[in-house]
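Take a look at the structure set out below.
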Amino acid sequence: MSTPDVIPPAAEPAPADSALVRAARGLPVRHTPVWFMRQAGRSLPEYRAIREGIGMLASCRRPDLVTEITLQPVRRHGVDAAIFFSDIVVPLAAAGVDLDIVPGVGPVVAAPIRTRADVERLPLLDPEAIPDIAESVRLLVAELGPTPLIGFAGAPFTLASYLVEGGPSKTHARTKALMHSDPDTWHALCGRLAAMSATFLRVQVEAGASALQLFDSWAGALSREDYVRFVQPHSASVLGAVADLGVPRIHFGVGTGELLAEMGRAGADIVGVDYRVSLTDAVARLGGSYAVQGNLDPALLFAPMPVLRERVLEIVAEGRAAPGHIFNLGHGVPPEADPDVLTRVVEIVHEAAAR
Ligand code: 1CP
């Protein structure tokens, strides 16, 4: 039976009838759904307290902590979705790659991957290696009731950048040098990463996640030509590998204004837009055929409330031009953001007439 094209009654709500999933499918909603990338994290005092003395990677493998940390922003802000608390490098670590998430830095890889032999040594992810991920998702779905859980994974390019550079990079120079100088090795590396990301996503959705997001955070560093030649086929392989699961697929990157249409064509249902391109322009670039997610500049969280409110309402209004709109920031919540301001943003979005 197909989803009815009417707003369902309030009785027996389910994640599949939630504003987030409906907006993702271009169906009418009572209000624009809203969640924030990095809504769980250092902006919340309760997060800082529970993480005290426990490493990031270790936290991600403990279902009690993952469940509590994922729920914290849902309770506090009343957002329309939970995002699974984990990290894009968790599947790599679970597969056996020697890496750590260093406080204040990000993922750091012990032995960077730069040659064909390095790629051949890269392990693959066995779903049996992450029973805790499935358990965390099951616990969360039971707690969340009608609120959907978004599962996620890193896209091959963004993961490859950490592996090739050995850690965070502003230029992705070694990564780009590798793709151009040794395309076979590059494609072999991305093929493995695509398989790992697909496995990580499948485990989350099969355990009950209602939507998924593929983070290609750093793809905006590439020209459209390089994106299409070296990256898009691998992201398409991840998104294609989970198409049969039937949940909405969000595809996001930072600074990807020139890539939006190609990111949609990679197999997304919703294209994430950062704050450098207006939603109006994004909808035009996407040809009106995808739902959009975004795109409040996180810097506006530090502006006076009337200024912030006006900007939030403008974005909700711009979103009406898309088949569906999920409100979000243009990138993650800054650690210094005032959590009460985020709660207020959720209220403003919910009070605005949706479509
Ligand atoms: O100890 C800590 O609190 C470390 C900070 C932190 C957190 C809270 C890191 C290290 N990762 C996370 C969680 C995380 N990472 C989530 C949780 C869910 C939520 O959004 O609430 C998600 C979705 C991610 C995904 C992630 N990790 C991305 C893609 C999203 C994005 O921000 O673009 C990327 C690029 C990473 C790598 C990473 N992990 C951590 C940091 C600081 C970084 C970025 C490092 C860099 O600048 O390259």
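Following the order of the structure tokens, chains are lettered A, B, ..., residues in each are numbered from 1, and ligands are numbered from 1.
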Task: Nearby residues (only C-alpha atoms) at most 10 Å from range 102-104 of chain A, same-chain spacing under 4 positions excluded, as JSON, numbers by chain - done: {"A": [55, 56, 57, 108, 167]}
Open item on the list: Based on the backbone DSSP call, show me all residues of range 63-288 of chain A assigned strand (DSSP E or B), as number ranges by chain.
Closed with: A: 82-83, 99-102, 106-109, 149-154, 211-215, 249-252, 270-272
Open item on the list: Can you tell me which residues surround range 87-97 of chain A at a distance of at most 9 Å, considering only C-alpha atoms, apart from same-chain residues fewer than 2 positions away, and format the answer as a VMD selection string?
Closed with: chain A and resid 56 to 57 60 to 61 84 to 85 99 to 101 107 109 to 111 122 to 126 129 to 130 152 to 155 158 to 159 162 193 196 to 197 199 to 200 215
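Proximity ranking of A:Ala321, A:Ile69, A:Ala117, A:Val34 relative to Ala352 in chain A places A:Val34 first, based on only C-alpha atoms.
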Open item on the list: With DSSP run on the backbone, what are the alpha helix (DSSP H) residues within range 178-251 of chain A? I'd like them as a ChimeraX atom specification.
Closed with: /A:178-181,183-206,224-226,232-241
- [ ] For range 345-348 of chain A, please output as a ChimeraX atom specification all residues within 7 Å (counting only C-alpha atoms; exclusion window: fewer than 6 positions along the same chain).
- [x] /A:34,77,79,309
Write a file of the just-selected residues containing N, CA and C atoms, as a PDB file, in the first residue's frame.
ATOM      1  N   VAL A  34      12.832  19.796  11.892  1.00  0.00           N
ATOM      2  CA  VAL A  34      14.144  20.400  12.162  1.00  0.00           C
ATOM      3  C   VAL A  34      14.990  19.483  13.047  1.00  0.00           C
ATOM      4  N   HIS A  77      15.834  19.829  23.146  1.00  0.00           N
ATOM      5  CA  HIS A  77      15.422  20.781  22.115  1.00  0.00           C
ATOM      6  C   HIS A  77      14.080  20.453  21.460  1.00  0.00           C
ATOM      7  N   VAL A  79      13.715  18.413  18.974  1.00  0.00           N
ATOM      8  CA  VAL A  79      13.971  18.277  17.530  1.00  0.00           C
ATOM      9  C   VAL A  79      13.136  17.132  16.941  1.00  0.00           C
ATOM     10  N   ARG A 309      15.794  35.099  14.396  1.00  0.00           N
ATOM     11  CA  ARG A 309      14.411  34.701  14.109  1.00  0.00           C
ATOM     12  C   ARG A 309      14.027  35.028  12.657  1.00  0.00           C
TER      13      ARG A 309
END
Open item on the list: I'd like to know which of A:Asn328, A:Gln39, A:Asn295, A:Thr343 is closest to ligand 1, using only C-alpha atoms and all ligand atoms.
Closed with: A:Gln39
- [ ] Tell me which of A:Pro45, A:Asp340, A:Glu52, A:Ala142 sits closest to Ala209 in chain A, counting only C-alpha atoms.
- [x] A:Ala142
